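Asker: Shown below is the structure under consideration.
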Amino acid sequence: MKRKFPWHIVVFLAPAFLIYLVFSAWPLIDTLRLGFFTTNDNGSQTWAGLANYHSLLFDPLWSEGFWNAMKNNCKFFLVHMCIQNPLGLLLAALLSMRGVKFAKGYQTAIFLPTLLSVVIIGFIWQLILSPLWGVSEKLLGLVHLDSLFQPFLGQEETALYTLSAMSVWQFVGIPMMLIYAALIAIPDEIIEAAYVEGASAWRIFWTIRVPLILPTLGLTTILTFVGNFNAFDLIYSVKGALAGPNFSTDILGTYFYRAFFGYQSQIGSPTMGAAVATLMFLVILFGVGVYFYFIQRKLQRFSF
Amino acid sequence: MSQHKASRFLGAGLTQVILAGYTILALFPIALIIINSFKSRGAIFDNPLALPTSETFSLIGFQKVLKESHFTLYFGNSLTVTITSLVLILLFGAMAAWALSEYKFKGSRILTLFFAFGIMVPIRLGTVSILKLMVSLSLVNTLTALILVYVAQGLPLAIMILSEFMQQIPKELKEAARCDGVGEFKIFFQVILPLIRPAVATVAVFTMVPIWNDLWFPLILAPGDSTQTVTLGVQQFIGQYVTNWNAVLASLTLAVLPVLVMYVFFSRQLIRGITAGAVK
Amino acid sequence: MSHVSLKNLTKSYDGKTNVLSGINLEINDGEFVVLVGPSGCGKSTLLRMVCGLEEITGGDLEIDHARVNDLPPALRGIAMVFQSYALYPHMSVYKNMAFGLKVAGKSKDEADTRIRNAAKILKIDHLLERLPRELSGGQRQRVAIGRAIVREPKLFLFDEPLSNLDAALRVQTRLEIAKLHRELAATIVYVTHDQVEAMTLGDKIVVMHDGLIQQAGSPLELYQQPANLFVATFIGSPKMNLLEGVVESAAADHLIVTLAGGQNVRADVEASTATVGDRVTVGVRSEHLWEDTNGSERFSGTVNLVEHLGESNFLYLTLSTGQDLTVRGHGDREVKIGDVINISAPSAAFHVFDRDGKAFKRLKPGNMVAAKRVS
């Protein structure tokens, strides 16, 4: 019997495939292609080989900004790794303990900021930290620490860390929820077995629960990585495209925006923007690759 | 023995202190903004931590925002973009997930990988070409441009979550329908779609929030006055009126309140959805 | 030597309603005690209270004459085998068994000796380096038991350990557990909802229902002298036949009951406390009803349904009075639906329960042997 061509499969797949192809996959590929071109003064584009990349990586005019953004982005990521994810783990561990009063309420409240726009969060903290308003100073005064107050967002040394902390504050709910879900998926009997054998809560946490949620910790790491190296909104809305003071809060996202659209005297260039995007793509691809080939492979998922 | 109980009690106390402390830290900034948006300028500076009283109560900020900006228009734009994108993502995502999880055909593995790629690689990286494409389609400064991009952005994750869910639907159900001679489209729309409702909630959360909150694409693809979304509108408004504290606080409150109200009503389902989806 | 006493134990979650009330039980050294009952009867809760996983609301739990109510599990000298086995998924079999010993601060050498011994007894010595997910259900079960053995506890607790195994493996593992009990001379408390498991394994069976101990005794005691209607119908398969009636005459050595259909039945029970005219329930097990007309008490009924088990048949009859009876017949006897057959039983076979379901003591429970089936 000759089988009919499976038209229904085509119909089911076509809308998703076409939209994804035209507005996501193809633009990405085209961006990679554009990175090899240069924009002339009349707007036309010509082949330039690796010239854009050479400028970005080695020509001080571009490379200084690029490496600065890269370095800042790494710091941004490190702050998330060292504060956001451990804090998420701590909160999730506390929430998942048995018989914690108001656990659902705490969880709901802590997750709330993740639903708000980064732009809104940025402005809210900007106001709170503003020396003009003086709320933070007043609050620190309540515990006699007002001498510690500084215009955190305005100083080169503190601005990036302050922005990172704001981002941590907003997004800690995500690792918290992911880890919480993984923790409560561990069957009670396994924890009880360890308790019956005399293990303390501390020991159970580190020798039973944490090893069993390693896959989830790996997942939060890679999600944080991708999210951080793709960040833009927070810096742009608090510090603008120039990521001041003196580019001290510049990350790849804002650098990409400036390369593409230009700023002050610098004229924007789509091809230079494409080259920056390509480098960002490679960074993310590198992170994802490391995750899949080296980390995820080693971490087995445990079915209970 | 009693020592055992005492240490337990202490542990529970410490747990409460940490959780309650962080909860206050999470809610305080938002509460502070909302409270002060209802106060007069003087009161905002004199005593930011106080609740508005009958003397300090003022709606001047809100009046300013509603008069000077098209807040309701922005709000409508955001709603249109988010809901349309969501419906299309769910429909097209479910269809593709069904095709990929149900039928064995040549290239289905490669297609699955092709879609999976989009989960990890942010669509933003293709912005240069997306803008070029939208210019050539003369879609710049239209909501359609945003919807198309957001659908493309949301599809990969939706397809992944939905196809995992579809694989758990008992084979017997589909086979029973096929034995009864029901066509493939009818099976999908009348048997499968109703069954995946719980997963739809999870997908909705994961796709809706980033769309509503996005600044990047509205800024680049639709910055025109008539197509601004709330997020972009607030960002632009605040940029203009930095020094008008009443207006700034009011615009932030207006942006926060709808989300807050939604969250109060749906937080239980939402958190259940995330927890269920995350275990996968 | 280990001796466990449960003295008037109660459990309540809200302080008002009792999940368990007034549980009294003595467990002697080396005894295999089975807690059995339908789901929700409180048997697992009781086991978890003995273990230390559930707090004891009231009463005393003593192990070797020391009150242990407030001791954490590890200090009670017990080990528990969980229903799902609860093996640590990320540890090898060896590490699973070593974990508790390491926590207890045992030296590596000692732990190693104990683990290798236990593994040998359980025949899992070739699996020590595997992860739990690489094991079959039966093998996981053994590892779970091994993890308990290495701790050399005074008391083993088993929580429905066979319920995750398939039927064939369940019978085999049941035998192995019985053997292990003998070899280790271990004191065991074992929870199950399966009466066959209970009867085959237990030295002492504790039947629980509604948070109360209904009866505790040897398997034979429970079978021959069920203390009340609940135990009578819970132990034995198929269920004991029950017929409603009224006391016609009562004496110290027998009771005559008029059944609903007007027929009189004589039962050899100690009935000096019964009064003429009392409502009672007469019980008789299907295996004590024989297709025969020679017995002292006779019935006749129509066959509704026959179940062939090979060595015997279960015949489901409806008596002329409308009551239903189940009879165990010879496997070789061919019976058709609609046949009318006569059955009888000796008066020693009958159980009688008073209005509250309490049993009168049967006087000649062993006498059925004399009346060996004729058909």
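Ordering of the structure tokens sets the chain letters (A, B, ...), residue numbers begin anew at 1 in every chain, and ligands are numbered from 1 in the order given.
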Please run DSSP on the backbone and report, as number ranges by chain, all residues within range 31-211 of chain C that come out as strand (DSSP E or B).
Answerer: C: 32-36, 58-63, 66-67, 78-81, 155-159, 188-192, 204-209
Asker: If you keep C-alpha atoms, can you produce a file of those selected residues as an mmCIF file, in the first residue's frame?
Answerer:
```cif
data_model
loop_
_atom_site.group_PDB
_atom_site.id
_atom_site.type_symbol
_atom_site.label_atom_id
_atom_site.label_comp_id
_atom_site.auth_asym_id
_atom_site.auth_seq_id
_atom_site.Cartn_x
_atom_site.Cartn_y
_atom_site.Cartn_z
ATOM 1 C CA PHE C 32 8.173 -11.538 64.976
ATOM 2 C CA VAL C 33 5.208 -9.234 65.490
ATOM 3 C CA VAL C 34 3.021 -8.307 62.540
ATOM 4 C CA LEU C 35 0.753 -5.276 62.631
ATOM 5 C CA VAL C 36 -2.042 -5.870 60.170
ATOM 6 C CA GLY C 58 0.514 10.058 75.170
ATOM 7 C CA GLY C 59 1.644 6.896 76.955
ATOM 8 C CA ASP C 60 5.077 5.316 77.229
ATOM 9 C CA LEU C 61 7.278 3.478 74.823
ATOM 10 C CA GLU C 62 9.918 1.378 76.546
ATOM 11 C CA ILE C 63 12.773 -0.486 74.944
ATOM 12 C CA ALA C 66 13.939 2.377 79.479
ATOM 13 C CA ARG C 67 11.488 5.025 78.357
ATOM 14 C CA ILE C 78 16.208 0.382 65.945
ATOM 15 C CA ALA C 79 16.518 0.055 62.185
ATOM 16 C CA MET C 80 13.763 0.566 59.678
ATOM 17 C CA VAL C 81 13.131 -0.911 56.239
ATOM 18 C CA LEU C 155 14.662 -4.061 66.923
ATOM 19 C CA PHE C 156 13.922 -4.232 63.194
ATOM 20 C CA LEU C 157 10.976 -2.303 61.814
ATOM 21 C CA PHE C 158 9.505 -3.214 58.415
ATOM 22 C CA ASP C 159 6.947 -0.943 56.757
ATOM 23 C CA ILE C 188 10.906 -7.653 64.333
ATOM 24 C CA VAL C 189 7.854 -5.435 64.035
ATOM 25 C CA TYR C 190 6.377 -5.748 60.580
ATOM 26 C CA VAL C 191 3.508 -3.768 59.080
ATOM 27 C CA THR C 192 1.343 -5.118 56.280
ATOM 28 C CA LYS C 204 2.219 -12.733 67.014
ATOM 29 C CA ILE C 205 -0.301 -10.932 64.881
ATOM 30 C CA VAL C 206 -1.805 -7.651 65.964
ATOM 31 C CA VAL C 207 -5.005 -6.824 64.124
ATOM 32 C CA MET C 208 -5.727 -3.107 64.094
ATOM 33 C CA HIS C 209 -8.793 -1.170 63.091
#
```
Asker: Give me, as a list of chain:residue names, the residues of chain C touching chain A, with the criterion being at most 7 Å (counting only C-alpha atoms).
Answerer: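 Those within range of chain A come out as C:Pro73, C:Ala74, C:Phe82, C:Ala86, C:Leu87, C:Tyr88, C:Pro89, C:His90, C:Gly100, C:Val103, C:Ala104.
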Asker: Could you give me, as a PyMOL selection string, each residue of range 10-233 of chain B that DSSP assigns to alpha helix (DSSP H) when run on this structure's backbone?
Answerer: chain B and resi 10-37+41-46+60-68+71-102+108-120+127-136+143-167+171-179+184-186+193-195+197-213+216-221+230-233
Asker: Do a neighbour search on Phe36 in chain A at 7 Å with only C-alpha atoms, toss out local chain neighbours closer than 5 positions, and write the hits as a PyMOL selection string.
Answerer: chain A and resi 47-50+52
Asker: Please identify all polymer residues within 12 Å of Ala165 in chain A, counting only C-alpha atoms, omitting same-chain residues fewer than 2 positions from it, and present them as a count of residues only.
Answerer: 29
Asker: Each residue of chain A lying at most 7 Å from chain B should get a row with its shortest atom-to-atom pair and the distance in Å to one decimal, counting only C-alpha atoms; could you produce that, ordered by chain and increasing number, as JSON lines?
Answerer:
```
{"residue": "A:Ile9", "atom": "CA", "partner": "B:Ala99", "partner_atom": "CA", "distance": 5.8}
{"residue": "A:Phe12", "atom": "CA", "partner": "B:Met95", "partner_atom": "CA", "distance": 4.9}
{"residue": "A:Leu13", "atom": "CA", "partner": "B:Ala96", "partner_atom": "CA", "distance": 4.6}
{"residue": "A:Pro15", "atom": "CA", "partner": "B:Phe92", "partner_atom": "CA", "distance": 6.1}
{"residue": "A:Ala16", "atom": "CA", "partner": "B:Phe92", "partner_atom": "CA", "distance": 5.2}
{"residue": "A:Ile19", "atom": "CA", "partner": "B:Ala152", "partner_atom": "CA", "distance": 5.7}
{"residue": "A:Tyr20", "atom": "CA", "partner": "B:Ala152", "partner_atom": "CA", "distance": 4.5}
{"residue": "A:Phe23", "atom": "CA", "partner": "B:Val149", "partner_atom": "CA", "distance": 5.9}
{"residue": "A:Ser24", "atom": "CA", "partner": "B:Ala152", "partner_atom": "CA", "distance": 5.8}
{"residue": "A:Pro27", "atom": "CA", "partner": "B:Ser129", "partner_atom": "CA", "distance": 4.8}
{"residue": "A:Leu28", "atom": "CA", "partner": "B:Gly126", "partner_atom": "CA", "distance": 4.2}
{"residue": "A:Asp30", "atom": "CA", "partner": "B:Ser129", "partner_atom": "CA", "distance": 6.2}
{"residue": "A:Thr31", "atom": "CA", "partner": "B:Gly126", "partner_atom": "CA", "distance": 5.7}
{"residue": "A:Leu91", "atom": "CA", "partner": "B:Leu19", "partner_atom": "CA", "distance": 7.0}
{"residue": "A:Leu94", "atom": "CA", "partner": "B:Thr15", "partner_atom": "CA", "distance": 6.3}
{"residue": "A:Tyr106", "atom": "CA", "partner": "B:Thr23", "partner_atom": "CA", "distance": 6.0}
{"residue": "A:Thr108", "atom": "CA", "partner": "B:Ser267", "partner_atom": "CA", "distance": 6.7}
{"residue": "A:Ala109", "atom": "CA", "partner": "B:Thr23", "partner_atom": "CA", "distance": 6.1}
{"residue": "A:Ile110", "atom": "CA", "partner": "B:Thr23", "partner_atom": "CA", "distance": 5.6}
{"residue": "A:Leu115", "atom": "CA", "partner": "B:Val209", "partner_atom": "CA", "distance": 6.1}
{"residue": "A:Leu116", "atom": "CA", "partner": "B:Asn213", "partner_atom": "CA", "distance": 6.8}
{"residue": "A:Ser117", "atom": "CA", "partner": "B:Asn213", "partner_atom": "CA", "distance": 4.4}
{"residue": "A:Val119", "atom": "CA", "partner": "B:Gln235", "partner_atom": "CA", "distance": 6.8}
{"residue": "A:Ile120", "atom": "CA", "partner": "B:Leu252", "partner_atom": "CA", "distance": 6.4}
{"residue": "A:Ile124", "atom": "CA", "partner": "B:Pro29", "partner_atom": "CA", "distance": 6.8}
{"residue": "A:Trp133", "atom": "CA", "partner": "B:Phe45", "partner_atom": "CA", "distance": 6.0}
{"residue": "A:Val135", "atom": "CA", "partner": "B:Pro48", "partner_atom": "CA", "distance": 6.6}
{"residue": "A:Met177", "atom": "CA", "partner": "B:Thr275", "partner_atom": "CA", "distance": 6.7}
{"residue": "A:Leu178", "atom": "CA", "partner": "B:Ala278", "partner_atom": "CA", "distance": 5.8}
{"residue": "A:Ala181", "atom": "CA", "partner": "B:Thr275", "partner_atom": "CA", "distance": 5.0}
{"residue": "A:Ala182", "atom": "CA", "partner": "B:Val279", "partner_atom": "CA", "distance": 5.9}
{"residue": "A:Asp233", "atom": "CA", "partner": "B:Leu215", "partner_atom": "CA", "distance": 6.2}
{"residue": "A:Ser237", "atom": "CA", "partner": "B:Gln235", "partner_atom": "CA", "distance": 6.7}
{"residue": "A:Pro270", "atom": "CA", "partner": "B:Val128", "partner_atom": "CA", "distance": 6.0}
{"residue": "A:Gly273", "atom": "CA", "partner": "B:Val128", "partner_atom": "CA", "distance": 6.9}
{"residue": "A:Ala274", "atom": "CA", "partner": "B:Val128", "partner_atom": "CA", "distance": 6.1}
{"residue": "A:Ala277", "atom": "CA", "partner": "B:Leu125", "partner_atom": "CA", "distance": 5.1}
{"residue": "A:Phe281", "atom": "CA", "partner": "B:Leu125", "partner_atom": "CA", "distance": 6.8}
```
Asker: Could you turn the residues from that selection into a file that holds C-alpha atoms, as a PDB file, in the first residue's frame?
Answerer:
```
ATOM      1  CA  ILE A   9       2.408  16.783  10.002  1.00  0.00           C
ATOM      2  CA  PHE A  12       1.013  21.055  12.495  1.00  0.00           C
ATOM      3  CA  LEU A  13       4.630  22.125  12.139  1.00  0.00           C
ATOM      4  CA  PRO A  15       3.327  27.921  11.643  1.00  0.00           C
ATOM      5  CA  ALA A  16       5.817  27.389  14.456  1.00  0.00           C
ATOM      6  CA  ILE A  19       7.847  32.057  12.504  1.00  0.00           C
ATOM      7  CA  TYR A  20      10.811  30.633  14.392  1.00  0.00           C
ATOM      8  CA  PHE A  23      12.222  35.831  13.091  1.00  0.00           C
ATOM      9  CA  SER A  24      14.697  33.949  15.224  1.00  0.00           C
ATOM     10  CA  PRO A  27      18.222  36.720  11.853  1.00  0.00           C
ATOM     11  CA  LEU A  28      20.756  35.009  14.048  1.00  0.00           C
ATOM     12  CA  ASP A  30      22.297  36.659   9.154  1.00  0.00           C
ATOM     13  CA  THR A  31      23.838  38.463  12.105  1.00  0.00           C
ATOM     14  CA  LEU A  91      15.859  30.156  51.083  1.00  0.00           C
ATOM     15  CA  LEU A  94      14.479  26.704  54.676  1.00  0.00           C
ATOM     16  CA  TYR A 106       7.214  33.805  52.175  1.00  0.00           C
ATOM     17  CA  THR A 108       4.955  34.103  47.218  1.00  0.00           C
ATOM     18  CA  ALA A 109       6.439  37.352  48.508  1.00  0.00           C
ATOM     19  CA  ILE A 110      10.049  36.550  47.616  1.00  0.00           C
ATOM     20  CA  LEU A 115       7.561  39.269  37.854  1.00  0.00           C
ATOM     21  CA  LEU A 116       8.193  42.991  37.690  1.00  0.00           C
ATOM     22  CA  SER A 117      10.007  44.618  34.849  1.00  0.00           C
ATOM     23  CA  VAL A 119      13.134  48.704  34.283  1.00  0.00           C
ATOM     24  CA  ILE A 120      10.718  49.266  37.140  1.00  0.00           C
ATOM     25  CA  ILE A 124      12.696  51.810  42.323  1.00  0.00           C
ATOM     26  CA  TRP A 133      15.610  61.407  48.798  1.00  0.00           C
ATOM     27  CA  VAL A 135      15.606  56.984  52.434  1.00  0.00           C
ATOM     28  CA  MET A 177      11.792  28.168  43.099  1.00  0.00           C
ATOM     29  CA  LEU A 178      13.793  25.765  40.931  1.00  0.00           C
ATOM     30  CA  ALA A 181      10.885  22.200  43.460  1.00  0.00           C
ATOM     31  CA  ALA A 182      13.854  19.842  43.260  1.00  0.00           C
ATOM     32  CA  ASP A 233      17.520  46.448  30.556  1.00  0.00           C
ATOM     33  CA  SER A 237      17.308  52.095  32.467  1.00  0.00           C
ATOM     34  CA  PRO A 270      24.863  47.488  12.054  1.00  0.00           C
ATOM     35  CA  GLY A 273      26.778  45.574  16.151  1.00  0.00           C
ATOM     36  CA  ALA A 274      26.484  42.225  14.408  1.00  0.00           C
ATOM     37  CA  ALA A 277      26.411  40.086  18.859  1.00  0.00           C
ATOM     38  CA  PHE A 281      26.801  34.425  20.858  1.00  0.00           C
TER      39      PHE A 281
END
```
Asker: Residues near Val335 in chain C, anyone? I mean within 12 Å using only C-alpha atoms, not counting same-chain ones fewer than 4 positions away, as a PyMOL selection string.
Answerer: chain C and resi 291+302-308+312-317+327-331+339-341
Asker: May I ask for the distance between CA of Tyr241 in chain B and CA of Phe261 in chain A, given in Å to one decimal place?
Answerer: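 Distance between the two atoms: 24.1 Å.
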Asker: Select residues of chain C: the criterion is any atom within 12 Å of an atom of chain B, counting only C-alpha atoms; output as a list in words.
Answerer: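 The selection requested is Glu55, Arg67, Val68, Asn69, Asp70, Leu71, Pro72, Pro73 and Leu75 of chain C.
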Asker: Which neighbours of Gln296 in chain A fall inside 9 Å, counting only C-alpha atoms, when residues of the same chain fewer than 5 positions from it are skipped, and could you give them as an mmCIF file with C-alpha atoms, in the first residue's frame?
Answerer:
```cif
data_model
loop_
_atom_site.group_PDB
_atom_site.id
_atom_site.type_symbol
_atom_site.label_atom_id
_atom_site.label_comp_id
_atom_site.auth_asym_id
_atom_site.auth_seq_id
_atom_site.Cartn_x
_atom_site.Cartn_y
_atom_site.Cartn_z
ATOM 1 C CA PRO A 215 21.362 18.658 38.238
ATOM 2 C CA GLY A 218 23.764 22.967 37.248
ATOM 3 C CA LEU A 219 20.659 24.203 35.489
ATOM 4 C CA VAL A 290 30.721 23.576 28.755
ATOM 5 C CA TYR A 291 27.521 22.894 30.618
#
```
Asker: Between CA of Gly77 in chain C and CA of Ser107 in chain C, what is the spacing in Å?
Answerer: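 According to the coordinates, CA of Ser107 in chain C and CA of Gly77 in chain C are separated by 18.4 Å.
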Asker: Give me, as a list in words, all polymer residues having an atom no more than 8 Å from Ser96 in chain A, counting only C-alpha atoms and skipping those fewer than 2 positions away in the same chain.
Answerer: Ala92, Ala93, Leu94, Arg98, Val100, Tyr180, Leu183 and Ile184 of chain A
Asker: Write the residues of the preceding selection, restricted to C-alpha atoms, as a PDB file, in the first residue's frame.
Answerer:
```
ATOM      1  CA  ALA A  92      14.720  27.021  49.250  1.00  0.00           C
ATOM      2  CA  ALA A  93      16.239  24.792  51.915  1.00  0.00           C
ATOM      3  CA  LEU A  94      14.479  26.704  54.676  1.00  0.00           C
ATOM      4  CA  ARG A  98       8.792  20.396  57.314  1.00  0.00           C
ATOM      5  CA  VAL A 100       7.725  25.912  58.580  1.00  0.00           C
ATOM      6  CA  TYR A 180      12.678  24.301  46.067  1.00  0.00           C
ATOM      7  CA  LEU A 183      14.116  19.561  47.027  1.00  0.00           C
ATOM      8  CA  ILE A 184      10.487  18.683  47.571  1.00  0.00           C
TER       9      ILE A 184
END
```
Asker: Work out how far CA of Pro226 in chain C is from CA of Ala274 in chain C, in Å to one decimal.
Answerer: 17.9 Å
Asker: With distances taken over only C-alpha atoms, which residue among C:Arg170, C:Lys361, C:Arg114, C:Arg355 lies nearest Glu152 in chain C?
Answerer: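 Smallest distance to Glu152 in chain C is found for C:Arg114.
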